[in-house]
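Colleague: Below you will find the structure I want to go over with you.
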Amino acid sequence: MAAHLKKRVYEEFTKVVQQQQEEIATKKLRLTKPSKSAALHIDLCKATSPADALQYLLQFARKPVEAESVEGVVRILLEHYYKENDPSVRLKIASLLGLLSKTAGFSPDCIIDDAINILQNEKSHQVLAQLLDTLLAIGTKLPENQAIQTRLVDVACKHLTDTSHGVRNKCLQLLGNLGSLEKSITKDTEGLTARDVQKIIGDYFSDQDPRVRTAAIKAMLQLHERGLKLHQTIYNQACKLLSDDYEQVRSAAVQLIWVISQLYPESIVPIPSSNEEIRLVDDAFGKICHMVSDGSWVVRVQAAKLLGSMEQVSSHFLEQTLDKKLMSDLRRKRTAHERAKELYSSGEFSSGRKWGDDAPKEEIDTGAVNLIESGACGAFVHGLEDEMYEVRIAAVEALCMLAQSSPSFAEKCLDFLVDMFNDEIEEVRLQSIHTMRKISNNITLREDQLDTVLAVLEDSSRDIREALHELLCCTNVSTKEGIHLALVELLKNLTKYPTDRDSIWKCLKFLGSRHPTLVLPLVPELLSTHPFFDTAEPDMDDPAYIAVLVLIFNAAKTCPTMPALFSDHTFRHYAYLRDSLSHLVPALRLPGRKLVSPAVSPNITPHEDPSQQFLQQSLERVYSLQHLDPQGAQELLEFTIRDLQRLGELQSELAGVADFSAAYLRCQLLLIKALQEKLWNVAAPLYLKQSDLASAAAKQIMEETYKMEFMYSGVDNKQVVIIHHMRLQAKALQLIVTARTTRGVDPLFGMCEKFLQEVDFFQRCFIADLPHLQDSFVDKLLDLMPRLMTSKPAEVVKILQTMLRQSTFLHLPLPEQIHKASATIIEPAGESDNPLRFTSGLVVALDVDATLEHVQDPQNTVKIQVLYPDGQAQMIHPKPADFRNPGPGRHRLITQVYLSHTAWTEPCQVEVRLLLAYNSSARIPKSPWMESGEVSPQVETSIEGTIPFSKPVKVYIMPKPARR
Amino acid sequence: MPEIRVTPLGAGQDVGRSCILVSIAGKNVMLDCGMHMGFNDDRRFPDFSYITQNGRLTDFLDCVIISHFHLDHCGALPYFSEMVGYDGPIYMTHPTQAICPILLEDYRKIAVDKKGEANFFTSQMIKDCMKKVVAVHLHQTVQVDDELEIKAYYAGHVLGAAMFQIKVGSESVVYTGDYNMTPDRHLGAAWIDKCRPNLLITESTYATTIRDSKRCRERDFLKKVHETVERGGKVLIPVFALGRAQELCILLETFWERMNLKVPIYFSTGLTEKANHYYKLFITWTNQKIRKTFVQRNMFEFKHIKAFDRAFADNPGPMVVFATPGMLHAGQSLQIFRKWAGNEKNMVIMPGYCVQGTVGHKILSGQRKLEMEGRQVLEVKMQVEYMSFSAHADAKGIMQLVGQAEPERVLLVHGEAKKMEFLRQKIEQEFRVSCYMPANGETVTLPTSPSIPVGISLGLLKREMAQGLLPEAKKPRLLHGTLVMKDSSFRLVSSEQALKELGLAEHQLRFTCRVHLQDTRKEQETALRVYSHLKSTLKDHCVQHLPDGSVTVESILIQAAAHSEDPGTKVLLVSWTYQDEELGSFLTALLKKGLPQAPS
């Protein structure tokens, strides 16, 4: 309603509009059409110079146009187009036509004739190009209309011979987007109209302008993207383009070759200058490998990236990419990797200091050495030592993808990945560590490789170290020396960087459970037990000792003989650690003792039906509460909520679902309670105090609904409707309460208006789901909507009140997977008694380290709040780069928070907590005008409200007065 | 016949004293002016008397180009310019210009002060020589004179190393100097665009080697140093003061920092500080990593590497020392080597190429007993390691550069003859371009076919364009026009315009030809038959039957007449202008075959 009112105000500049509006009130929207185009028309007529006209057009372009009025606007624009002599204005008009034809709900087939018409008479190349662009927009809008498509393709073909590269570019783009291949085959019989688009585009591969060549290749790729199958014939043409002078052409050609290789991997192509033949995918692979040593780094990145996705290539070729065929002075030489491997297998580890052990061995036949055309030879070796780190990262990624699909290749590329751990750029090192982790299932590290890997533990970057810990969690080590080495290095790491404690313990937990048999022989040494003498009991608080114990206990879980080697205090320490660090220390079957934890949980998990059933049953019971008396309903709800909460605590897998449904039931309970209040029966206006409970309930329901909507991952549209519905009820309740407590009608006007707007919004957003909401509050509300619109606030309130009472309780369908977002702040720990001292007015940086679980899009939603003792609250938006994603559903926030305050007399605690920001209007679909970028920047990431979702941590700070 | 002549005065089938003379389109350019490490007599400098016997060098040479600051590329420069006498411009890049005099001064000191040579160039001469230098930027086109222009490309190898393109008109030569195709810790990789020169003169130090990945090399090097130091041994790394030295310094510095090692690292010469200063300045010439991080910390500000004092060599305990020169042929590195050679715990790592005749070359080839000056015999017990940290392109890199530049011909210098031979074969085989490898003093003459630019009138071009279909890129096309040569300018204009300009009248040239046809019918009918025949065959042309009985095809006229003697034979008179020669001869050939039998 308010929206309409507003519009009415704006419309007042023409009288005609006003009059009509009074006559037929329902057609208000349509009425904007004449005014819009008329205004434009007037403006354009007023324009005295082309610059003026351009200004008007630019202004016009800033505002969106409704679908109904598009056609009128288009007509006016076209009219001016014919009259206009200045090419820049025509250009703008042409671009506006394209933009307008994209408007949702407008069918552009009516302007296509005009567009083609003006195209034929246009002389300016720029305007021509823009018009073709407009045609492209129209064509993509009407993908079904074959006749128009053919017509447009014809137009494009006609202008392909234009002398300007811009026009040819657009023509090719048009062909790529609208042309088709199949049609040409079926229509071949008809003769002239059929056009083999691929052939036409292919002809422009040899255009004189590199931009046109690029456009031609892109058009070809576009055809492929639209699902048309390209013919293999262009393969040779594309191969020729690989040696083009211009990098953008080469870059596009690499893509095209990749596409063809994916389409026809198995067809056979001849090798030039010999009569052998190979598979196309192998040939393409060789060619793309060759491009890894191209002169332009853009092409190199492109080539390296694409290599990763060529999985059908034969292993023979694949393995060549890691072999550079070394030679020295014409003799074959082994690589350092080969030598290291040989040394290792001959049992002689890490000597490597014989003079000339890398001396080249056999003579090479000079004729057989191919220096340049060796195809795939050493492509990755080149890629991994490229100057630009972008290329190196792409190469590492490609290695990762190929290694995941081929275990033998994974084994071979290991050495190269390990070498990348020494790269000078941290990003590359990190990437290669991650890659290694991803392929770690396929590989076992040799000791010398492990040595190089472990050397990186001394890296000063925390990310690198943690990535490495993750890697060690899932690597296979071959010998007990390897395990020992890893443990020693990890302990060294622990003393050097004590903050890594948790990560190292976790790492050792997995290392232990993966290699029980390798740990077994190490146990006496690690625990420093002695067959005869009792050794001193180690310090239980020593993180290093705990680390060793974590390793041993986890290994002992699957190795029953191990506990026999423990000494007395080890058992005591076990009991202590099992309690204090239960996530790191598993339950052990210790000799002579009861099992520490009854072995119940593992048996039950496979068939968790009982608890699942219980959940279902209790929910079903609740949904039948319609028929109970209010008192009974309340009790039942209370019981069920309690049950669900307890269930969530017991069964961690069901915690999300249980919490979610409990929250919903709680809302319902609050609503019922609020409506049961005696006070509704009092006719007189209420005092504030009396309405306390009802308004508090409304507020709480609102809060709960926001939590339900934004704190759970896996919530889909079905649930969102119900949640919104609940919120609507809460809002209605609020309205009623305010209506009863306030005197005077004026403030109510606004509130009613707002509420009806909300209802309208609800209807628009969830129009598809309305049928599911039979008999609900909203269903009834919408029935009465016309009446509500016209009635006075007091009446509205009355209607709402009765409807709230009558409305039924909606069944909440449970999603399959639902998880509650949670966060834990690891640092600051909040234990320190030493206040953080800083001079008032200056800032102090506080390191914050937190883990987030099941948070969607944390970069935009997670905020940090700092609460000062004076009640002042500060919200901090962490940088997107501060979030790391160590695993699915998990995020890690490592950032710094800057604190500042005026001087205090003594230290005090500030609270730090994490907030989840939400914005419910983000669900509204946007119009194409918004995307076009010409519109005023609308703040999309505006925050509507926040939900705290972590326990607050207290930090002791002390701002000192500045010394003068 | 235009030609390019190339004569290496040094570095022809050899490494050291690079000096190559190039004559291109009447311009003479000298590329590099280096000294030879292996000799201490006259042979160390190129034989400049070859250039001109008794004229002034300045009159003969148009310019001198120095590719980088290594002494085997610039060592003879003061001798050449001041003692032999050359006053023309000398081109080099900015870092080379900055660092070159430091090295020359160092070289002079060793030669004069240590060896006591007389008749050597003086410090003043170095200064005077450097005054003649013109510095160039990367990718900057410098006009030496009206016709000769040069352009520098990045070459890796050492700071400021450049490849030069020398261009006169449409003829060009690219000289690579020394270059490296794999990037390292402080320099990027060489790069050149597809400039398609007539000749590419490339170095070929590692013509027969394909190197392992640099990462293995780096790791190997660090491991060897680390192990020796942990055992308490001393490590000697002979380097040339600039170039590899900085690379290895960065490598060790970062390793020391990461591993938190405390063993001292020393760098021997005093000139390092000065040179390092320049390294800090010329950040734009380094690789991506250093360029991106120098704002936080300039990588050339070393924390762990300190200056070396002669007394330190006798200190107990482990240490790492970088000492000059790199081939162990003189100076501090040789002194330290003598002191440490006896202990098997110590290690010497040769990071680069060693010329024959130097101590470095001897120990690398496995010699364990060395004869030193004064008949002393030095037994080498320390470990000798060779690590190819030399920043030259390997065979694959050379081929890659040739592929990038796409030259018409390749010429190899700066390498050993035997190895060059292999690479020469490979280049000829893979790229199908001829490849040369002249020895010192040997001249290679290459004929060129320079393209001559001709101006064309726009009208003619547009007319010709309109006639044919779209011009196909890169394909030659036939064009009718008149070439007008006037005051050494060439223009292509339409014939009408040429006639007008020259004030000549147009002559018409017509060919006529008689074709005898066996036809008993009347002339008119024959003409009609000819008309219908041509009409059916020549669909694309305009065939007309004129009222006077003649047939025209475009501008060709065909008339039928009865034979004067034989009434059964008709004579067809075909006449066409010179411009329609093609069509005319086609028509006569067609008519000579006879007409198809008309349906009677």
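Chains: A, B, ... in order of the structure tokens. Residues: from 1 per chain. Ligands: from 1, in order shown.
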Given a cut-off of 6 Å, which residues of chain B touch chain A, counting only C-alpha atoms, written out as JSON, numbers by chain?

Modeller: {"B": [183, 188, 208, 209, 210, 211, 212, 396, 473]}

Colleague: Next, the residues of the selection above should be written as a compact mmCIF listing (two decimals), in the first residue's frame with N, CA and C atoms.

Modeller:
```
# COMPACT_ATOMS: atom_id res chain seq x y z
N PRO B 183 64.21 -19.45 -14.82
CA PRO B 183 64.37 -18.40 -13.81
C PRO B 183 65.07 -18.96 -12.59
N GLY B 188 64.77 -13.44 -13.56
CA GLY B 188 63.73 -14.09 -14.35
C GLY B 188 64.33 -14.83 -15.54
N THR B 208 75.24 -29.33 -25.40
CA THR B 208 74.97 -30.78 -25.38
C THR B 208 74.43 -31.23 -24.04
N THR B 209 73.87 -30.31 -23.28
CA THR B 209 73.41 -30.68 -21.95
C THR B 209 71.93 -30.34 -21.81
N ILE B 210 71.18 -31.24 -21.18
CA ILE B 210 69.83 -30.87 -20.74
C ILE B 210 69.87 -30.99 -19.24
N ARG B 211 69.59 -29.91 -18.58
CA ARG B 211 69.80 -29.91 -17.14
C ARG B 211 68.61 -30.44 -16.37
N ASP B 212 68.90 -30.94 -15.19
CA ASP B 212 67.88 -31.39 -14.26
C ASP B 212 67.13 -30.16 -13.75
N LYS B 396 67.97 -27.41 -24.45
CA LYS B 396 66.54 -27.23 -24.60
C LYS B 396 66.17 -25.75 -24.58
N ALA B 473 44.35 -13.38 -45.50
CA ALA B 473 45.53 -12.96 -44.76
C ALA B 473 46.73 -13.79 -45.18
```

Colleague: Considering only C-alpha atoms, return as number ranges by chain whatever protein or nucleic-acid residues lie within 9 Å of stretch 731-736 of chain A, sequence-local ones (same chain, fewer than 2 positions apart) excluded.

Modeller: A: 671, 674-675, 694-695, 697-699, 702, 726-729, 738-741, 748, 751-752, 755, 797-798, 800-801, 804

Colleague: Export N, CA and C atoms of the chosen residues as a PDB file, in the first residue's frame?

Modeller:
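Everything below was put into part12.pdb:
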```pdb
ATOM      1  N   LEU A 671       3.625 -18.712  21.555  1.00  0.00           N
ATOM      2  CA  LEU A 671       2.466 -18.115  20.909  1.00  0.00           C
ATOM      3  C   LEU A 671       1.198 -18.502  21.646  1.00  0.00           C
ATOM      4  N   ALA A 674       0.964 -16.771  24.949  1.00  0.00           N
ATOM      5  CA  ALA A 674       0.631 -15.350  24.808  1.00  0.00           C
ATOM      6  C   ALA A 674      -0.851 -15.171  24.516  1.00  0.00           C
ATOM      7  N   LEU A 675      -1.384 -16.077  23.729  1.00  0.00           N
ATOM      8  CA  LEU A 675      -2.790 -15.933  23.365  1.00  0.00           C
ATOM      9  C   LEU A 675      -3.713 -16.366  24.496  1.00  0.00           C
ATOM     10  N   ALA A 694       3.044 -10.854  26.701  1.00  0.00           N
ATOM     11  CA  ALA A 694       2.733 -11.033  25.279  1.00  0.00           C
ATOM     12  C   ALA A 694       3.798 -10.395  24.395  1.00  0.00           C
ATOM     13  N   SER A 695       4.181  -9.174  24.731  1.00  0.00           N
ATOM     14  CA  SER A 695       5.154  -8.529  23.841  1.00  0.00           C
ATOM     15  C   SER A 695       6.512  -9.207  23.951  1.00  0.00           C
ATOM     16  N   ALA A 697       6.915 -12.336  24.495  1.00  0.00           N
ATOM     17  CA  ALA A 697       6.799 -13.570  23.712  1.00  0.00           C
ATOM     18  C   ALA A 697       6.998 -13.267  22.231  1.00  0.00           C
ATOM     19  N   ALA A 698       6.347 -12.198  21.782  1.00  0.00           N
ATOM     20  CA  ALA A 698       6.481 -11.857  20.375  1.00  0.00           C
ATOM     21  C   ALA A 698       7.945 -11.625  20.010  1.00  0.00           C
ATOM     22  N   LYS A 699       8.603 -10.900  20.882  1.00  0.00           N
ATOM     23  CA  LYS A 699      10.006 -10.591  20.620  1.00  0.00           C
ATOM     24  C   LYS A 699      10.836 -11.873  20.563  1.00  0.00           C
ATOM     25  N   MET A 702      10.341 -13.852  17.449  1.00  0.00           N
ATOM     26  CA  MET A 702      11.107 -13.259  16.341  1.00  0.00           C
ATOM     27  C   MET A 702      12.553 -13.713  16.389  1.00  0.00           C
ATOM     28  N   MET A 726       5.803 -18.223  10.853  1.00  0.00           N
ATOM     29  CA  MET A 726       5.821 -18.059  12.303  1.00  0.00           C
ATOM     30  C   MET A 726       6.161 -16.611  12.655  1.00  0.00           C
ATOM     31  N   ARG A 727       7.110 -16.072  11.897  1.00  0.00           N
ATOM     32  CA  ARG A 727       7.529 -14.700  12.169  1.00  0.00           C
ATOM     33  C   ARG A 727       6.363 -13.730  11.909  1.00  0.00           C
ATOM     34  N   LEU A 728       5.611 -14.048  10.887  1.00  0.00           N
ATOM     35  CA  LEU A 728       4.476 -13.200  10.545  1.00  0.00           C
ATOM     36  C   LEU A 728       3.465 -13.202  11.687  1.00  0.00           C
ATOM     37  N   GLN A 729       3.288 -14.358  12.252  1.00  0.00           N
ATOM     38  CA  GLN A 729       2.365 -14.458  13.381  1.00  0.00           C
ATOM     39  C   GLN A 729       2.864 -13.609  14.538  1.00  0.00           C
ATOM     40  N   THR A 738       0.517  -3.779  20.631  1.00  0.00           N
ATOM     41  CA  THR A 738       0.713  -2.327  20.570  1.00  0.00           C
ATOM     42  C   THR A 738      -0.621  -1.624  20.404  1.00  0.00           C
ATOM     43  N   ALA A 739      -1.492  -2.225  19.618  1.00  0.00           N
ATOM     44  CA  ALA A 739      -2.786  -1.589  19.386  1.00  0.00           C
ATOM     45  C   ALA A 739      -3.556  -1.474  20.685  1.00  0.00           C
ATOM     46  N   ARG A 740      -3.410  -2.494  21.498  1.00  0.00           N
ATOM     47  CA  ARG A 740      -4.153  -2.471  22.751  1.00  0.00           C
ATOM     48  C   ARG A 740      -3.529  -1.524  23.760  1.00  0.00           C
ATOM     49  N   THR A 741      -2.282  -1.282  23.681  1.00  0.00           N
ATOM     50  CA  THR A 741      -1.629  -0.483  24.715  1.00  0.00           C
ATOM     51  C   THR A 741      -1.497   0.992  24.362  1.00  0.00           C
ATOM     52  N   LEU A 748      -0.671   3.841  14.829  1.00  0.00           N
ATOM     53  CA  LEU A 748      -1.161   2.551  14.350  1.00  0.00           C
ATOM     54  C   LEU A 748      -1.237   2.503  12.827  1.00  0.00           C
ATOM     55  N   MET A 751       1.939   1.330  11.492  1.00  0.00           N
ATOM     56  CA  MET A 751       2.232  -0.072  11.812  1.00  0.00           C
ATOM     57  C   MET A 751       1.412  -1.011  10.947  1.00  0.00           C
ATOM     58  N   CYS A 752       0.130  -0.643  10.797  1.00  0.00           N
ATOM     59  CA  CYS A 752      -0.737  -1.479   9.968  1.00  0.00           C
ATOM     60  C   CYS A 752      -0.193  -1.544   8.548  1.00  0.00           C
ATOM     61  N   PHE A 755       2.700  -3.776   8.404  1.00  0.00           N
ATOM     62  CA  PHE A 755       2.355  -5.183   8.525  1.00  0.00           C
ATOM     63  C   PHE A 755       1.781  -5.709   7.213  1.00  0.00           C
ATOM     64  N   VAL A 797      -6.841  -4.841  13.506  1.00  0.00           N
ATOM     65  CA  VAL A 797      -6.369  -5.513  14.713  1.00  0.00           C
ATOM     66  C   VAL A 797      -7.368  -6.551  15.178  1.00  0.00           C
ATOM     67  N   LYS A 798      -8.585  -6.204  15.118  1.00  0.00           N
ATOM     68  CA  LYS A 798      -9.609  -7.128  15.579  1.00  0.00           C
ATOM     69  C   LYS A 798      -9.605  -8.399  14.727  1.00  0.00           C
ATOM     70  N   LEU A 800      -7.201  -9.556  12.957  1.00  0.00           N
ATOM     71  CA  LEU A 800      -5.969 -10.308  13.189  1.00  0.00           C
ATOM     72  C   LEU A 800      -6.093 -11.150  14.454  1.00  0.00           C
ATOM     73  N   GLN A 801      -6.643 -10.554  15.456  1.00  0.00           N
ATOM     74  CA  GLN A 801      -6.726 -11.246  16.731  1.00  0.00           C
ATOM     75  C   GLN A 801      -7.531 -12.535  16.607  1.00  0.00           C
ATOM     76  N   LEU A 804      -5.551 -15.105  14.544  1.00  0.00           N
ATOM     77  CA  LEU A 804      -4.448 -15.735  15.252  1.00  0.00           C
ATOM     78  C   LEU A 804      -4.961 -16.892  16.101  1.00  0.00           C
TER      79      LEU A 804
END
```

Colleague: So which residues of stretch 787-956 of chain A fall under helix (DSSP H, G or I) by DSSP, listed as an MDAnalysis selection string?

Modeller: chainID A and resid 787:790 793:806 858:861 880:882 920:923 928:931

Colleague: Give me, as a PyMOL selection string, all polymer residues having an atom no more than 9 Å from B:Glu253, counting only C-alpha atoms and skipping those fewer than 4 positions away in the same chain.

Modeller: chain B and resi 248-249+257-258+265+302-305

Colleague: Could you give me, as a PDB file with N, CA and C atoms, in the first residue's frame, the residues within 10 Å of stretch 522-536 of chain B, counting only C-alpha atoms and dropping anything in the same chain fewer than 6 positions from it?

Modeller:
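Saved the output as result30.pdb:
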```
ATOM      1  N   CYS B 542      29.623 -11.413 -69.401  1.00  0.00           N
ATOM      2  CA  CYS B 542      28.528 -10.790 -70.128  1.00  0.00           C
ATOM      3  C   CYS B 542      28.703 -11.043 -71.631  1.00  0.00           C
ATOM      4  N   VAL B 543      27.898 -11.920 -72.180  1.00  0.00           N
ATOM      5  CA  VAL B 543      27.994 -12.242 -73.619  1.00  0.00           C
ATOM      6  C   VAL B 543      26.836 -11.549 -74.340  1.00  0.00           C
ATOM      7  N   GLN B 544      27.190 -10.825 -75.395  1.00  0.00           N
ATOM      8  CA  GLN B 544      26.131 -10.081 -76.084  1.00  0.00           C
ATOM      9  C   GLN B 544      26.174 -10.345 -77.582  1.00  0.00           C
ATOM     10  N   HIS B 545      25.020 -10.335 -78.146  1.00  0.00           N
ATOM     11  CA  HIS B 545      24.944 -10.467 -79.601  1.00  0.00           C
ATOM     12  C   HIS B 545      24.514  -9.109 -80.149  1.00  0.00           C
ATOM     13  N   LEU B 546      25.407  -8.484 -80.870  1.00  0.00           N
ATOM     14  CA  LEU B 546      25.122  -7.135 -81.337  1.00  0.00           C
ATOM     15  C   LEU B 546      24.294  -7.199 -82.621  1.00  0.00           C
ATOM     16  N   ASP B 548      24.751  -5.828 -85.409  1.00  0.00           N
ATOM     17  CA  ASP B 548      25.486  -5.961 -86.667  1.00  0.00           C
ATOM     18  C   ASP B 548      26.022  -7.366 -86.892  1.00  0.00           C
ATOM     19  N   GLY B 549      25.644  -8.302 -86.064  1.00  0.00           N
ATOM     20  CA  GLY B 549      26.026  -9.688 -86.310  1.00  0.00           C
ATOM     21  C   GLY B 549      27.253 -10.126 -85.530  1.00  0.00           C
ATOM     22  N   SER B 550      27.916  -9.210 -84.848  1.00  0.00           N
ATOM     23  CA  SER B 550      29.106  -9.626 -84.102  1.00  0.00           C
ATOM     24  C   SER B 550      28.719  -9.987 -82.657  1.00  0.00           C
ATOM     25  N   VAL B 551      29.606 -10.734 -82.033  1.00  0.00           N
ATOM     26  CA  VAL B 551      29.372 -11.172 -80.649  1.00  0.00           C
ATOM     27  C   VAL B 551      30.429 -10.523 -79.770  1.00  0.00           C
ATOM     28  N   THR B 552      30.002 -10.024 -78.615  1.00  0.00           N
ATOM     29  CA  THR B 552      31.011  -9.502 -77.690  1.00  0.00           C
ATOM     30  C   THR B 552      30.958 -10.278 -76.398  1.00  0.00           C
ATOM     31  N   VAL B 553      32.128 -10.562 -75.900  1.00  0.00           N
ATOM     32  CA  VAL B 553      32.251 -11.104 -74.559  1.00  0.00           C
ATOM     33  C   VAL B 553      33.061 -10.078 -73.775  1.00  0.00           C
ATOM     34  N   ILE B 558      33.971 -10.670 -81.476  1.00  0.00           N
ATOM     35  CA  ILE B 558      34.079 -11.822 -82.381  1.00  0.00           C
ATOM     36  C   ILE B 558      33.199 -11.571 -83.589  1.00  0.00           C
ATOM     37  N   GLN B 559      33.812 -11.680 -84.746  1.00  0.00           N
ATOM     38  CA  GLN B 559      33.028 -11.494 -85.963  1.00  0.00           C
ATOM     39  C   GLN B 559      33.179 -12.716 -86.848  1.00  0.00           C
ATOM     40  N   ALA B 560      32.094 -13.078 -87.461  1.00  0.00           N
ATOM     41  CA  ALA B 560      32.153 -14.230 -88.361  1.00  0.00           C
ATOM     42  C   ALA B 560      32.139 -13.739 -89.811  1.00  0.00           C
ATOM     43  N   ALA B 561      32.981 -14.346 -90.613  1.00  0.00           N
ATOM     44  CA  ALA B 561      32.996 -13.977 -92.024  1.00  0.00           C
ATOM     45  C   ALA B 561      33.179 -15.245 -92.859  1.00  0.00           C
ATOM     46  N   ALA B 562      32.672 -15.231 -94.052  1.00  0.00           N
ATOM     47  CA  ALA B 562      32.847 -16.398 -94.926  1.00  0.00           C
ATOM     48  C   ALA B 562      34.273 -16.430 -95.431  1.00  0.00           C
ATOM     49  N   HIS B 563      34.789 -17.618 -95.583  1.00  0.00           N
ATOM     50  CA  HIS B 563      36.138 -17.740 -96.097  1.00  0.00           C
ATOM     51  C   HIS B 563      36.130 -17.354 -97.576  1.00  0.00           C
ATOM     52  N   PRO B 567      33.824 -21.899 -99.205  1.00  0.00           N
ATOM     53  CA  PRO B 567      32.568 -21.428 -98.610  1.00  0.00           C
ATOM     54  C   PRO B 567      32.137 -22.287 -97.417  1.00  0.00           C
ATOM     55  N   GLY B 568      32.658 -23.498 -97.366  1.00  0.00           N
ATOM     56  CA  GLY B 568      32.278 -24.380 -96.243  1.00  0.00           C
ATOM     57  C   GLY B 568      32.995 -23.996 -94.963  1.00  0.00           C
ATOM     58  N   LYS B 570      34.085 -21.086 -92.295  1.00  0.00           N
ATOM     59  CA  LYS B 570      33.855 -19.721 -91.818  1.00  0.00           C
ATOM     60  C   LYS B 570      35.065 -19.276 -91.009  1.00  0.00           C
ATOM     61  N   VAL B 571      35.394 -18.017 -91.137  1.00  0.00           N
ATOM     62  CA  VAL B 571      36.519 -17.476 -90.370  1.00  0.00           C
ATOM     63  C   VAL B 571      35.957 -16.620 -89.233  1.00  0.00           C
ATOM     64  N   LEU B 572      36.391 -16.951 -88.039  1.00  0.00           N
ATOM     65  CA  LEU B 572      35.975 -16.147 -86.885  1.00  0.00           C
ATOM     66  C   LEU B 572      37.109 -15.194 -86.541  1.00  0.00           C
ATOM     67  N   LEU B 587      39.326 -17.757 -74.918  1.00  0.00           N
ATOM     68  CA  LEU B 587      38.263 -17.831 -75.916  1.00  0.00           C
ATOM     69  C   LEU B 587      38.739 -18.464 -77.203  1.00  0.00           C
ATOM     70  N   LEU B 590      39.041 -22.010 -76.830  1.00  0.00           N
ATOM     71  CA  LEU B 590      37.712 -22.616 -76.789  1.00  0.00           C
ATOM     72  C   LEU B 590      37.111 -22.740 -78.181  1.00  0.00           C
ATOM     73  N   LEU B 591      37.274 -21.663 -78.937  1.00  0.00           N
ATOM     74  CA  LEU B 591      36.673 -21.681 -80.270  1.00  0.00           C
ATOM     75  C   LEU B 591      37.402 -22.625 -81.196  1.00  0.00           C
ATOM     76  N   GLY B 594      36.177 -25.973 -81.727  1.00  0.00           N
ATOM     77  CA  GLY B 594      34.988 -26.120 -82.557  1.00  0.00           C
ATOM     78  C   GLY B 594      33.721 -25.927 -81.777  1.00  0.00           C
ATOM     79  N   LEU B 595      32.623 -25.746 -82.510  1.00  0.00           N
ATOM     80  CA  LEU B 595      31.338 -25.565 -81.861  1.00  0.00           C
ATOM     81  C   LEU B 595      30.670 -26.904 -81.673  1.00  0.00           C
ATOM     82  N   PRO B 596      29.823 -26.998 -80.681  1.00  0.00           N
ATOM     83  CA  PRO B 596      29.089 -28.252 -80.519  1.00  0.00           C
ATOM     84  C   PRO B 596      28.098 -28.412 -81.682  1.00  0.00           C
ATOM     85  N   GLN B 597      27.838 -29.637 -82.031  1.00  0.00           N
ATOM     86  CA  GLN B 597      26.879 -29.883 -83.127  1.00  0.00           C
ATOM     87  C   GLN B 597      25.527 -29.318 -82.744  1.00  0.00           C
ATOM     88  N   ALA B 598      25.088 -28.417 -83.575  1.00  0.00           N
ATOM     89  CA  ALA B 598      23.814 -27.790 -83.267  1.00  0.00           C
ATOM     90  C   ALA B 598      22.685 -28.760 -83.553  1.00  0.00           C
TER      91      ALA B 598
END
```

Colleague: Taking only C-alpha atoms into account, name the residue in A:Gln668, A:Thr48, A:Thr214, A:Thr140 that is nearest to A:Leu242.

Modeller: A:Thr214

Colleague: Applying 12 Å and only C-alpha atoms, which residues near B:Asp41 remain after dropping the ones on its own chain fewer than 4 positions away? List them as a count of residues only.

Modeller: 10

Colleague: Do you have the atom CA of B:Ser365-atom CA of B:His157 distance handy?

Modeller: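 A separation of 25.1 Å between them.
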
Colleague: Could you name the residues that touch stretch 834-845 of chain A at 6 Å or less, counting only C-alpha atoms, but leaving out those on the same chain fewer than 6 positions away, as JSON, numbers by chain?

Modeller: {"A": [896, 897, 898, 899, 900, 901, 902, 903, 956, 957, 958, 959, 960, 961, 962]}
